[in-house]
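Below: query39.cif (mmCIF, C-alpha atoms and all ligand atoms)
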```cif
data_upload
#
loop_
_atom_site.group_PDB
_atom_site.id
_atom_site.type_symbol
_atom_site.label_atom_id
_atom_site.label_comp_id
_atom_site.auth_asym_id
_atom_site.auth_seq_id
_atom_site.Cartn_x
_atom_site.Cartn_y
_atom_site.Cartn_z
ATOM 1 C CA MET A 1 -37.894 27.814 43.362
ATOM 2 C CA ASP A 2 -35.453 30.471 42.155
ATOM 3 C CA PRO A 3 -35.638 33.443 44.589
ATOM 4 C CA GLN A 4 -34.767 36.011 41.923
ATOM 5 C CA THR A 5 -37.638 34.920 39.659
ATOM 6 C CA LEU A 6 -40.104 35.596 42.462
ATOM 7 C CA LEU A 7 -38.463 38.870 43.459
ATOM 8 C CA ASP A 8 -38.604 40.102 39.834
ATOM 9 C CA TRP A 9 -42.243 39.083 39.543
ATOM 10 C CA TYR A 10 -43.026 40.914 42.786
ATOM 11 C CA SER A 11 -41.276 44.096 41.628
ATOM 12 C CA ALA A 12 -43.461 44.147 38.529
ATOM 13 C CA ASN A 13 -46.762 43.009 40.065
ATOM 14 C CA ALA A 14 -46.966 43.951 43.751
ATOM 15 C CA ARG A 15 -50.004 45.898 44.904
ATOM 16 C CA ASP A 16 -49.225 49.322 46.306
ATOM 17 C CA LEU A 17 -50.380 48.900 49.908
ATOM 18 C CA PRO A 18 -49.684 51.572 52.530
ATOM 19 C CA TRP A 19 -48.001 49.232 55.020
ATOM 20 C CA ARG A 20 -45.526 48.171 52.341
ATOM 21 C CA ARG A 21 -44.334 51.697 51.540
ATOM 22 C CA PRO A 22 -40.840 52.708 52.679
ATOM 23 C CA ASP A 23 -42.257 55.325 55.049
ATOM 24 C CA ALA A 24 -44.492 52.825 56.917
ATOM 25 C CA SER A 25 -43.390 52.833 60.572
ATOM 26 C CA PRO A 26 -42.933 49.617 62.606
ATOM 27 C CA TRP A 27 -46.132 50.608 64.454
ATOM 28 C CA ALA A 28 -48.038 50.940 61.161
ATOM 29 C CA ILE A 29 -46.735 47.534 60.081
ATOM 30 C CA LEU A 30 -47.733 45.984 63.409
ATOM 31 C CA VAL A 31 -51.256 47.455 63.180
ATOM 32 C CA SER A 32 -51.626 46.221 59.593
ATOM 33 C CA GLU A 33 -50.463 42.708 60.445
ATOM 34 C CA ILE A 34 -52.956 42.380 63.294
ATOM 35 C CA MET A 35 -55.781 43.735 61.124
ATOM 36 C CA LEU A 36 -54.908 41.441 58.215
ATOM 37 C CA GLN A 37 -55.246 38.293 60.336
ATOM 38 C CA GLN A 38 -58.248 36.508 58.778
ATOM 39 C CA THR A 39 -59.456 39.736 57.142
ATOM 40 C CA PRO A 40 -59.176 40.711 53.443
ATOM 41 C CA VAL A 41 -57.099 43.725 52.370
ATOM 42 C CA ALA A 42 -60.101 45.645 50.981
ATOM 43 C CA ARG A 43 -61.845 45.615 54.364
ATOM 44 C CA VAL A 44 -58.686 46.463 56.270
ATOM 45 C CA LEU A 45 -57.652 49.528 54.219
ATOM 46 C CA PRO A 46 -60.201 52.122 55.480
ATOM 47 C CA VAL A 47 -59.927 51.003 59.114
ATOM 48 C CA TYR A 48 -56.133 50.982 58.922
ATOM 49 C CA GLN A 49 -56.101 54.544 57.512
ATOM 50 C CA ASP A 50 -58.463 55.705 60.258
ATOM 51 C CA TRP A 51 -56.374 54.096 63.013
ATOM 52 C CA LEU A 52 -53.051 55.449 61.770
ATOM 53 C CA THR A 53 -54.460 58.958 61.381
ATOM 54 C CA ARG A 54 -55.986 58.826 64.841
ATOM 55 C CA TRP A 55 -53.162 56.955 66.576
ATOM 56 C CA PRO A 56 -49.899 57.413 64.646
ATOM 57 C CA THR A 57 -47.871 56.025 67.562
ATOM 58 C CA PRO A 58 -48.359 53.377 70.263
ATOM 59 C CA ALA A 59 -48.382 56.212 72.847
ATOM 60 C CA ALA A 60 -51.337 57.896 71.142
ATOM 61 C CA LEU A 61 -53.410 54.704 71.289
ATOM 62 C CA ALA A 62 -52.335 53.863 74.837
ATOM 63 C CA ALA A 63 -53.570 57.287 75.998
ATOM 64 C CA GLU A 64 -57.182 56.451 75.011
ATOM 65 C CA PRO A 65 -59.593 54.079 76.764
ATOM 66 C CA PRO A 66 -59.706 50.560 75.290
ATOM 67 C CA GLY A 67 -63.315 51.138 74.209
ATOM 68 C CA GLU A 68 -62.151 53.669 71.605
ATOM 69 C CA ALA A 69 -59.991 50.960 70.026
ATOM 70 C CA VAL A 70 -63.060 48.706 69.913
ATOM 71 C CA ARG A 71 -65.221 51.526 68.484
ATOM 72 C CA HIS A 72 -62.775 52.282 65.674
ATOM 73 C CA TRP A 73 -62.274 48.613 64.874
ATOM 74 C CA GLY A 74 -65.549 48.969 62.993
ATOM 75 C CA ARG A 75 -66.692 45.740 61.376
ATOM 76 C CA LEU A 76 -63.336 44.057 60.865
ATOM 77 C CA GLY A 77 -64.453 41.131 63.014
ATOM 78 C CA TYR A 78 -62.615 39.306 65.805
ATOM 79 C CA PRO A 79 -62.612 42.544 67.862
ATOM 80 C CA ARG A 80 -60.429 41.130 70.615
ATOM 81 C CA ARG A 81 -57.656 42.089 68.215
ATOM 82 C CA ALA A 82 -58.479 45.748 68.971
ATOM 83 C CA LEU A 83 -58.159 45.143 72.708
ATOM 84 C CA ASN A 84 -54.876 43.293 72.166
ATOM 85 C CA LEU A 85 -53.495 46.173 70.113
ATOM 86 C CA HIS A 86 -54.519 48.614 72.818
ATOM 87 C CA ALA A 87 -52.917 46.509 75.561
ATOM 88 C CA GLY A 88 -49.846 45.994 73.366
ATOM 89 C CA ALA A 89 -49.529 49.746 72.821
ATOM 90 C CA GLY A 90 -49.506 50.222 76.604
ATOM 91 C CA GLN A 91 -46.762 47.628 77.018
ATOM 92 C CA ILE A 92 -44.711 49.162 74.201
ATOM 93 C CA VAL A 93 -44.868 52.504 76.000
ATOM 94 C CA GLU A 94 -44.048 51.062 79.429
ATOM 95 C CA ARG A 95 -41.404 48.525 78.508
ATOM 96 C CA TYR A 96 -39.859 49.853 75.310
ATOM 97 C CA GLY A 97 -40.167 53.632 75.618
ATOM 98 C CA GLY A 98 -42.840 53.797 72.927
ATOM 99 C CA ARG A 99 -40.787 52.037 70.227
ATOM 100 C CA VAL A 100 -42.090 48.784 68.750
ATOM 101 C CA PRO A 101 -39.524 46.117 69.751
ATOM 102 C CA ASP A 102 -37.350 44.803 66.938
ATOM 103 C CA THR A 103 -36.797 41.157 67.817
ATOM 104 C CA TYR A 104 -39.028 38.160 67.263
ATOM 105 C CA GLN A 105 -38.662 37.140 70.923
ATOM 106 C CA GLU A 106 -39.724 40.535 72.295
ATOM 107 C CA LEU A 107 -42.601 40.832 69.845
ATOM 108 C CA ARG A 108 -43.899 37.406 70.939
ATOM 109 C CA THR A 109 -44.367 38.752 74.480
ATOM 110 C CA LEU A 110 -46.972 41.305 73.321
ATOM 111 C CA PRO A 111 -50.661 40.327 73.598
ATOM 112 C CA GLY A 112 -52.188 38.676 70.538
ATOM 113 C CA ILE A 113 -48.850 38.278 68.736
ATOM 114 C CA GLY A 114 -48.125 34.723 67.662
ATOM 115 C CA ASP A 115 -45.397 33.170 65.562
ATOM 116 C CA TYR A 116 -46.593 34.574 62.245
ATOM 117 C CA THR A 117 -47.113 38.177 63.376
ATOM 118 C CA ALA A 118 -43.830 38.347 65.319
ATOM 119 C CA ALA A 119 -41.919 37.041 62.303
ATOM 120 C CA ALA A 120 -43.745 39.404 59.936
ATOM 121 C CA VAL A 121 -43.122 42.535 62.030
ATOM 122 C CA ALA A 122 -39.478 41.622 62.717
ATOM 123 C CA GLY A 123 -39.035 40.995 58.991
ATOM 124 C CA PHE A 124 -41.045 43.748 57.336
ATOM 125 C CA ALA A 125 -40.293 46.494 59.869
ATOM 126 C CA TYR A 126 -36.695 45.654 60.762
ATOM 127 C CA GLY A 127 -35.393 43.470 57.916
ATOM 128 C CA ARG A 128 -34.831 40.431 60.104
ATOM 129 C CA ARG A 129 -34.658 36.983 58.539
ATOM 130 C CA HIS A 130 -37.469 34.725 59.757
ATOM 131 C CA PRO A 131 -39.741 32.302 57.898
ATOM 132 C CA ILE A 132 -43.100 34.071 57.618
ATOM 133 C CA LEU A 133 -45.810 31.439 57.298
ATOM 134 C CA ASP A 134 -49.203 32.936 56.596
ATOM 135 C CA THR A 135 -52.048 31.134 54.809
ATOM 136 C CA ASN A 136 -50.900 32.257 51.383
ATOM 137 C CA VAL A 137 -47.259 31.320 51.913
ATOM 138 C CA ARG A 138 -48.204 27.912 53.301
ATOM 139 C CA ARG A 139 -50.410 27.186 50.269
ATOM 140 C CA VAL A 140 -47.761 28.250 47.743
ATOM 141 C CA LEU A 141 -45.052 26.171 49.436
ATOM 142 C CA ALA A 142 -47.397 23.173 49.693
ATOM 143 C CA ARG A 143 -48.014 23.307 45.958
ATOM 144 C CA ALA A 144 -44.729 24.520 44.533
ATOM 145 C CA VAL A 145 -42.400 22.475 46.756
ATOM 146 C CA THR A 146 -44.260 19.653 48.518
ATOM 147 C CA GLY A 147 -46.568 18.919 45.597
ATOM 148 C CA VAL A 148 -49.933 18.890 47.394
ATOM 149 C CA GLU A 149 -52.892 21.168 46.800
ATOM 150 C CA TYR A 150 -53.304 22.347 50.408
ATOM 151 C CA PRO A 151 -51.120 22.330 53.532
ATOM 152 C CA ALA A 152 -52.221 20.571 56.729
ATOM 153 C CA VAL A 153 -54.622 22.472 58.975
ATOM 154 C CA ALA A 154 -51.915 23.258 61.565
ATOM 155 C CA THR A 155 -48.377 24.352 60.775
ATOM 156 C CA SER A 156 -45.894 21.532 61.418
ATOM 157 C CA ALA A 157 -42.244 21.624 62.460
ATOM 158 C CA ALA A 158 -41.331 20.101 59.087
ATOM 159 C CA GLU A 159 -43.128 22.920 57.318
ATOM 160 C CA ARG A 160 -41.188 25.481 59.343
ATOM 161 C CA ARG A 161 -37.900 23.778 58.512
ATOM 162 C CA LEU A 162 -38.821 23.762 54.833
ATOM 163 C CA ALA A 163 -39.696 27.462 54.898
ATOM 164 C CA GLU A 164 -36.460 28.259 56.695
ATOM 165 C CA SER A 165 -34.408 26.293 54.177
ATOM 166 C CA LEU A 166 -35.956 28.218 51.285
ATOM 167 C CA LEU A 167 -35.343 31.704 52.723
ATOM 168 C CA PRO A 168 -32.731 33.493 50.623
ATOM 169 C CA VAL A 169 -29.734 34.921 52.479
ATOM 170 C CA ALA A 170 -30.351 38.391 51.049
ATOM 171 C CA ASP A 171 -33.770 40.052 50.762
ATOM 172 C CA ALA A 172 -35.519 37.434 52.941
ATOM 173 C CA PRO A 173 -38.455 39.669 54.010
ATOM 174 C CA ARG A 174 -39.015 40.856 50.437
ATOM 175 C CA TRP A 175 -38.940 37.251 49.227
ATOM 176 C CA SER A 176 -41.527 36.320 51.882
ATOM 177 C CA VAL A 177 -43.864 39.106 50.849
ATOM 178 C CA ALA A 178 -43.371 38.079 47.217
ATOM 179 C CA VAL A 179 -44.525 34.519 48.038
ATOM 180 C CA MET A 180 -47.458 35.990 49.967
ATOM 181 C CA GLU A 181 -48.431 38.155 47.017
ATOM 182 C CA LEU A 182 -48.181 35.205 44.641
ATOM 183 C CA GLY A 183 -50.609 33.316 46.889
ATOM 184 C CA ALA A 184 -52.980 36.286 47.061
ATOM 185 C CA LEU A 185 -52.991 37.119 43.345
ATOM 186 C CA ILE A 186 -52.044 33.984 41.342
ATOM 187 C CA CYS A 187 -51.893 30.804 43.425
ATOM 188 C CA THR A 188 -55.271 31.368 45.061
ATOM 189 C CA ALA A 189 -57.000 28.726 47.179
ATOM 190 C CA ARG A 190 -59.701 27.740 44.707
ATOM 191 C CA ALA A 191 -58.515 28.845 41.260
ATOM 192 C CA PRO A 192 -54.726 28.968 40.833
ATOM 193 C CA ARG A 193 -53.749 30.649 37.551
ATOM 194 C CA CYS A 194 -50.813 28.430 36.672
ATOM 195 C CA ASP A 195 -50.615 29.886 33.139
ATOM 196 C CA GLY A 196 -49.606 33.265 34.550
ATOM 197 C CA CYS A 197 -47.383 31.953 37.346
ATOM 198 C CA PRO A 198 -43.685 32.900 37.343
ATOM 199 C CA ILE A 199 -42.646 29.627 39.010
ATOM 200 C CA ALA A 200 -44.874 27.312 36.967
ATOM 201 C CA SER A 201 -41.918 25.559 35.317
ATOM 202 C CA SER A 202 -40.660 24.298 38.681
ATOM 203 C CA CYS A 203 -43.955 23.807 40.551
ATOM 204 C CA THR A 204 -44.154 20.247 41.879
ATOM 205 C CA TRP A 205 -47.955 20.119 42.107
ATOM 206 C CA ARG A 206 -48.450 21.436 38.574
ATOM 207 C CA LEU A 207 -45.780 19.130 37.121
ATOM 208 C CA ALA A 208 -47.512 16.172 38.830
ATOM 209 C CA GLY A 209 -50.750 17.034 37.001
ATOM 210 C CA HIS A 210 -52.545 18.820 39.882
ATOM 211 C CA PRO A 211 -53.363 15.687 41.973
ATOM 212 C CA PRO A 212 -56.547 16.251 44.019
ATOM 213 C CA HIS A 213 -56.500 17.028 47.738
ATOM 214 C CA GLN A 214 -56.288 13.852 49.867
ATOM 215 C CA GLY A 215 -56.782 15.319 53.347
ATOM 216 C CA PRO A 216 -59.972 16.057 55.285
ATOM 217 C CA ALA A 217 -62.632 18.152 53.531
ATOM 218 C CA ARG A 218 -61.989 21.870 53.802
ATOM 219 C CA ARG A 219 -64.831 23.651 55.538
ATOM 220 C CA GLY A 220 -66.072 27.044 54.471
ATOM 221 C CA GLN A 221 -66.891 29.465 57.299
ATOM 222 C CA THR A 222 -70.542 30.202 57.979
ATOM 223 C CA TYR A 223 -71.499 33.483 59.608
ATOM 224 C CA ALA A 224 -75.260 34.069 59.361
ATOM 225 C CA GLY A 225 -77.038 33.090 62.569
ATOM 226 C CA THR A 226 -73.850 32.409 64.524
ATOM 227 C CA ASP A 227 -72.844 33.783 67.906
ATOM 228 C CA ARG A 228 -70.178 35.762 66.025
ATOM 229 C CA GLN A 229 -72.857 37.550 64.028
ATOM 230 C CA CYS A 230 -74.878 38.200 67.173
ATOM 231 C CA ARG A 231 -71.822 39.629 68.959
ATOM 232 C CA GLY A 232 -71.171 41.853 65.943
ATOM 233 C CA ARG A 233 -74.729 43.237 66.056
ATOM 234 C CA LEU A 234 -74.504 43.987 69.773
ATOM 235 C CA LEU A 235 -71.134 45.691 69.398
ATOM 236 C CA ASP A 236 -72.463 47.765 66.480
ATOM 237 C CA VAL A 237 -75.079 49.252 68.804
ATOM 238 C CA LEU A 238 -72.432 50.272 71.332
ATOM 239 C CA ARG A 239 -70.005 51.535 68.705
ATOM 240 C CA THR A 240 -72.502 53.853 67.075
ATOM 241 C CA ALA A 241 -74.017 55.164 70.323
ATOM 242 C CA SER A 242 -72.766 58.441 71.766
ATOM 243 C CA GLY A 243 -72.458 56.918 75.266
ATOM 244 C CA PRO A 244 -73.674 54.028 77.445
ATOM 245 C CA VAL A 245 -76.773 52.238 76.123
ATOM 246 C CA PRO A 246 -79.729 50.590 77.906
ATOM 247 C CA LYS A 247 -80.080 46.812 77.639
ATOM 248 C CA ALA A 248 -83.334 47.281 75.699
ATOM 249 C CA ALA A 249 -81.369 48.768 72.806
ATOM 250 C CA LEU A 250 -79.256 45.610 72.667
ATOM 251 C CA ASP A 251 -82.288 43.317 72.976
ATOM 252 C CA ALA A 252 -83.816 45.009 69.941
ATOM 253 C CA VAL A 253 -81.138 43.847 67.481
ATOM 254 C CA TRP A 254 -81.283 40.059 67.981
ATOM 255 C CA ASP A 255 -84.443 37.969 68.378
ATOM 256 C CA ASP A 256 -83.189 34.796 70.054
ATOM 257 C CA PRO A 257 -82.897 35.712 73.781
ATOM 258 C CA LEU A 258 -80.736 32.715 74.731
ATOM 259 C CA GLN A 259 -78.223 33.355 71.997
ATOM 260 C CA ARG A 260 -78.288 37.081 72.687
ATOM 261 C CA GLU A 261 -77.541 36.634 76.400
ATOM 262 C CA ARG A 262 -74.779 34.150 75.633
ATOM 263 C CA ALA A 263 -73.219 36.564 73.161
ATOM 264 C CA LEU A 264 -73.481 39.497 75.559
ATOM 265 C CA ASP A 265 -71.969 37.447 78.397
ATOM 266 C CA GLY A 266 -69.130 36.517 76.058
ATOM 267 C CA LEU A 267 -68.484 40.142 75.121
ATOM 268 C CA VAL A 268 -68.381 41.118 78.797
ATOM 269 C CA ALA A 269 -66.092 38.175 79.651
ATOM 270 C CA ASP A 270 -63.753 39.168 76.811
ATOM 271 C CA GLY A 271 -63.550 42.742 78.098
ATOM 272 C CA LEU A 272 -65.134 44.172 74.951
ATOM 273 C CA VAL A 273 -68.240 45.462 76.754
ATOM 274 C CA GLU A 274 -68.540 46.882 80.253
ATOM 275 C CA PRO A 275 -71.735 46.452 82.287
ATOM 276 C CA LEU A 276 -72.773 49.470 84.357
ATOM 277 C CA ASP A 277 -75.589 49.720 86.885
ATOM 278 C CA GLU A 278 -79.245 49.128 86.044
ATOM 279 C CA ASP A 279 -78.917 47.197 82.814
ATOM 280 C CA VAL A 280 -76.739 49.727 81.061
ATOM 281 C CA TYR A 281 -73.684 48.821 78.971
ATOM 282 C CA ARG A 282 -70.801 50.699 77.377
ATOM 283 C CA LEU A 283 -67.569 50.177 75.477
ATOM 284 C CA PRO A 284 -64.773 49.625 78.033
ATOM 285 C CA GLY A 285 -63.710 52.881 79.668
ATOM 286 C CA VAL A 286 -65.685 55.090 77.291
ATOM 287 C CA ALA A 287 -67.994 57.593 78.968
ATOM 288 C CA GLU A 288 -69.068 59.413 75.813
ATOM 289 C CA ALA A 289 -68.156 59.060 72.144
ATOM 290 C CA GLY A 290 -64.754 60.549 71.394
ATOM 291 C CA LYS A 291 -64.095 61.416 75.049
HETATM 292 S S1 LIG B 1 -47.844 26.796 39.045
HETATM 293 FE FE1 LIG B 1 -49.945 26.945 39.749
HETATM 294 S S2 LIG B 1 -50.051 25.711 41.602
HETATM 295 FE FE2 LIG B 1 -47.881 26.068 41.147
HETATM 296 S S3 LIG B 1 -47.334 27.833 42.386
HETATM 297 FE FE3 LIG B 1 -47.916 28.591 40.365
HETATM 298 S S4 LIG B 1 -50.139 29.046 40.503
HETATM 299 FE FE4 LIG B 1 -49.567 27.777 42.270
#
```
Could I get this structure in the form of structure tokens?
Amino acid sequence: MDPQTLLDWYSANARDLPWRRPDASPWAILVSEIMLQQTPVARVLPVYQDWLTRWPTPAALAAEPPGEAVRHWGRLGYPRRALNLHAGAGQIVERYGGRVPDTYQELRTLPGIGDYTAAAVAGFAYGRRHPILDTNVRRVLARAVTGVEYPAVATSAAERRLAESLLPVADAPRWSVAVMELGALICTARAPRCDGCPIASSCTWRLAGHPPHQGPARRGQTYAGTDRQCRGRLLDVLRTASGPVPKAALDAVWDDPLQRERALDGLVADGLVEPLDEDVYRLPGVAEAGK
């Protein structure tokens, strides 16, 4: 896989996304990377713009109660990410003087930041050279290099070594984002467009005649009727209320009482919802909307 071919393709085809612009701060890149975990770009864009306008620095977010982070997370899903960002902003202020740390090791110590996000922020914000293995990159490398349709469910040490060996010496972060973009736009999960692919002539899976997937069946995610959906409904009530809400308002949005109680207990246990006296609930630390 010739690095320059991919870099040239990226220069001509990359989407103009705000976190990729030269003026995007390390904080903006960190926020975008957390939001983009398991969430499509189109859904992230408006929430990202709102967050960066409201909280342009870690200090600005850390100065607000965690419930405001949850409120402005909107419907991005997996809202513990909002709490992690809020807690991370506090740690960045306390331990790093308000500046997002610039090494993989320091980034890994922040809440909710795993291998991928630490590598991505160190690379995209500070130009450091780390293999950045997101879903798209893993799929492209599986096809183009290993010759299989899909990677294994979990990232293996061999996969990491392969990714590291492919990283160019110069422009490593830009090369990584180019592979990511190829996976998002051309080498998609279900319908790769090999005819328009810049690395088609060297792609192992294509040259082998697109052999079918041999591993376990890939499951699609269901949402309707799940505890996740129920939690989302309950949080919507709290997010759109101007202050604490009575339990009856939560009961009204989900019929199944057992599932509803389980979901509410889970939200409280995760710190996303705070119970007050007499069956009243609120977003954590938020007395009234915007206060
Ligand atoms: S040739 Fe097809 S399968 Fe191979 S990397 Fe390009 S789009 Fe993916």
Residue by residue, what does the PyMOL selection byres (((chain A and resi 31) around 9) and not hetatm) grab here? Present the result as a list in words.
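Those residues are Trp19, Pro26, Trp27, Ala28, Ile29, Leu30, Ser32, Glu33, Ile34, Met35, Leu36, Tyr48, Trp51, Leu52 and Leu85 of chain A.
If you measure from each of A:Ala158, A:Met1, A:Leu76, A:Val253 to ligand LIG 1 (chain B) using only C-alpha atoms and all ligand atoms, the closest one turns out to be A:Met1.
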Can you tell me how far CA of Gly98 (chain A) sits from CA of Ala59 (chain A), in Å to one decimal?
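Result for CA of Gly98 (chain A) versus CA of Ala59 (chain A): 6.0 Å, one decimal.
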Please return as a VMD selection string the residues found within 7 Å of ligand LIG 1 (chain B), counting all atoms listed in the file.
chain A and resid 140 143 to 144 186 to 187 192 to 194 197 to 200 203 to 206
Glu181 (chain A): which residues within 10 Å, counting only C-alpha atoms, same-chain residues fewer than 6 positions away excluded, as a list in words?
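Near Glu181 (chain A), the qualifying residues are Leu6, Trp9, Tyr10, Asn13, Ala14, Arg15, Asn136, Val137, Val140, Trp175, Cys187 and Thr188 of chain A.
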Just-selected residues, C-alpha atoms written as a JSON list (two decimals), in the coordinates of the input:
```
[["chain", "number", "residue", "atom", "x", "y", "z"],
["A", 6, "LEU", "CA", -40.10, 35.60, 42.46],
["A", 9, "TRP", "CA", -42.24, 39.08, 39.54],
["A", 10, "TYR", "CA", -43.03, 40.91, 42.79],
["A", 13, "ASN", "CA", -46.76, 43.01, 40.06],
["A", 14, "ALA", "CA", -46.97, 43.95, 43.75],
["A", 15, "ARG", "CA", -50.00, 45.90, 44.90],
["A", 136, "ASN", "CA", -50.90, 32.26, 51.38],
["A", 137, "VAL", "CA", -47.26, 31.32, 51.91],
["A", 140, "VAL", "CA", -47.76, 28.25, 47.74],
["A", 175, "TRP", "CA", -38.94, 37.25, 49.23],
["A", 187, "CYS", "CA", -51.89, 30.80, 43.42],
["A", 188, "THR", "CA", -55.27, 31.37, 45.06]]
```
For Ala118 (chain A): contacts at 6 Å, all atoms listed in the file, fewer than 5 positions along chain excluded, given as a ChimeraX atom specification:
/A:104,107-108
Enclose region 142-145 of chain A, meaning all of its atoms listed in the file, in a box aligned along x, y and z, pad it by 3 Å on each side, and list the centre and edge lengths in Å to one decimal, as AutoDock Vina command-line options.
```
--center_x -45.2 --center_y 23.5 --center_z 47.1 --size_x 11.6 --size_y 8.0 --size_z 11.2
```
Please tell me which residues are no farther than 12 Å from (-60.8, 42.6, 72.3) in the file, counting all atoms listed in the file, and write them as a PyMOL selection string.
chain A and resi 34+66-73+76-88+111-112+231+235+266-274+283-284
Would you compute the distance between CA of Asp251 (chain A) and CA of Pro65 (chain A)? Give it in Å to one decimal.
25.4 Å
From the list A:Ala42, A:Val153, A:Val286, A:Ala24, the nearest residue to Thr57 (chain A) using all atoms listed in the file is A:Ala24
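One distance worth recording is that between CA of Pro56 (chain A) and CA of Asp23 (chain A), which is 12.4 Å.
Between Arg128 (chain A) and the residues A:Thr155, A:Tyr96, A:Pro173, A:Glu106, the shortest atom-to-atom distance, using all atoms listed in the file, involves A:Pro173.
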What's the 12 Å shell around Arg129 (chain A), counting all atoms listed in the file, without same-chain residues fewer than 3 positions away, as a PyMOL selection string?
chain A and resi 102-104+118-126+132+163-176
Could you add the missing atoms to region 135-147 of chain A, up to N, CA, C and O atoms, and return them as an mmCIF file, in the coordinates of the input?
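Written out: out.cif:
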```cif
data_model
loop_
_atom_site.group_PDB
_atom_site.id
_atom_site.type_symbol
_atom_site.label_atom_id
_atom_site.label_comp_id
_atom_site.auth_asym_id
_atom_site.auth_seq_id
_atom_site.Cartn_x
_atom_site.Cartn_y
_atom_site.Cartn_z
ATOM 1 N N THR A 135 -51.249 32.094 55.589
ATOM 2 C CA THR A 135 -52.048 31.134 54.809
ATOM 3 C C THR A 135 -51.575 31.068 53.365
ATOM 4 O O THR A 135 -51.490 29.988 52.772
ATOM 5 N N ASN A 136 -51.299 32.236 52.790
ATOM 6 C CA ASN A 136 -50.900 32.257 51.383
ATOM 7 C C ASN A 136 -49.540 31.593 51.170
ATOM 8 O O ASN A 136 -49.360 30.815 50.235
ATOM 9 N N VAL A 137 -48.595 31.911 52.052
ATOM 10 C CA VAL A 137 -47.259 31.320 51.913
ATOM 11 C C VAL A 137 -47.348 29.796 52.075
ATOM 12 O O VAL A 137 -46.761 29.039 51.297
ATOM 13 N N ARG A 138 -48.098 29.355 53.060
ATOM 14 C CA ARG A 138 -48.204 27.912 53.301
ATOM 15 C C ARG A 138 -48.790 27.198 52.077
ATOM 16 O O ARG A 138 -48.349 26.118 51.709
ATOM 17 N N ARG A 139 -49.788 27.824 51.442
ATOM 18 C CA ARG A 139 -50.410 27.186 50.269
ATOM 19 C C ARG A 139 -49.428 27.137 49.094
ATOM 20 O O ARG A 139 -49.312 26.114 48.421
ATOM 21 N N VAL A 140 -48.709 28.231 48.870
ATOM 22 C CA VAL A 140 -47.761 28.250 47.743
ATOM 23 C C VAL A 140 -46.661 27.213 47.960
ATOM 24 O O VAL A 140 -46.317 26.454 47.039
ATOM 25 N N LEU A 141 -46.124 27.145 49.186
ATOM 26 C CA LEU A 141 -45.052 26.171 49.436
ATOM 27 C C LEU A 141 -45.581 24.736 49.328
ATOM 28 O O LEU A 141 -44.894 23.846 48.830
ATOM 29 N N ALA A 142 -46.809 24.521 49.797
ATOM 30 C CA ALA A 142 -47.397 23.173 49.693
ATOM 31 C C ALA A 142 -47.463 22.749 48.226
ATOM 32 O O ALA A 142 -47.118 21.614 47.879
ATOM 33 N N ARG A 143 -47.864 23.661 47.368
ATOM 34 C CA ARG A 143 -48.014 23.307 45.958
ATOM 35 C C ARG A 143 -46.654 23.268 45.242
ATOM 36 O O ARG A 143 -46.290 22.277 44.619
ATOM 37 N N ALA A 144 -45.946 24.379 45.337
ATOM 38 C CA ALA A 144 -44.729 24.520 44.533
ATOM 39 C C ALA A 144 -43.631 23.559 44.961
ATOM 40 O O ALA A 144 -42.884 23.057 44.126
ATOM 41 N N VAL A 145 -43.532 23.277 46.270
ATOM 42 C CA VAL A 145 -42.400 22.475 46.756
ATOM 43 C C VAL A 145 -42.830 21.066 47.151
ATOM 44 O O VAL A 145 -42.285 20.077 46.689
ATOM 45 N N THR A 146 -43.869 20.974 48.003
ATOM 46 C CA THR A 146 -44.260 19.653 48.518
ATOM 47 C C THR A 146 -45.087 18.880 47.492
ATOM 48 O O THR A 146 -45.090 17.651 47.489
ATOM 49 N N GLY A 147 -45.822 19.599 46.650
ATOM 50 C CA GLY A 147 -46.568 18.919 45.597
ATOM 51 C C GLY A 147 -47.966 18.512 45.982
ATOM 52 O O GLY A 147 -48.552 17.609 45.385
#
```
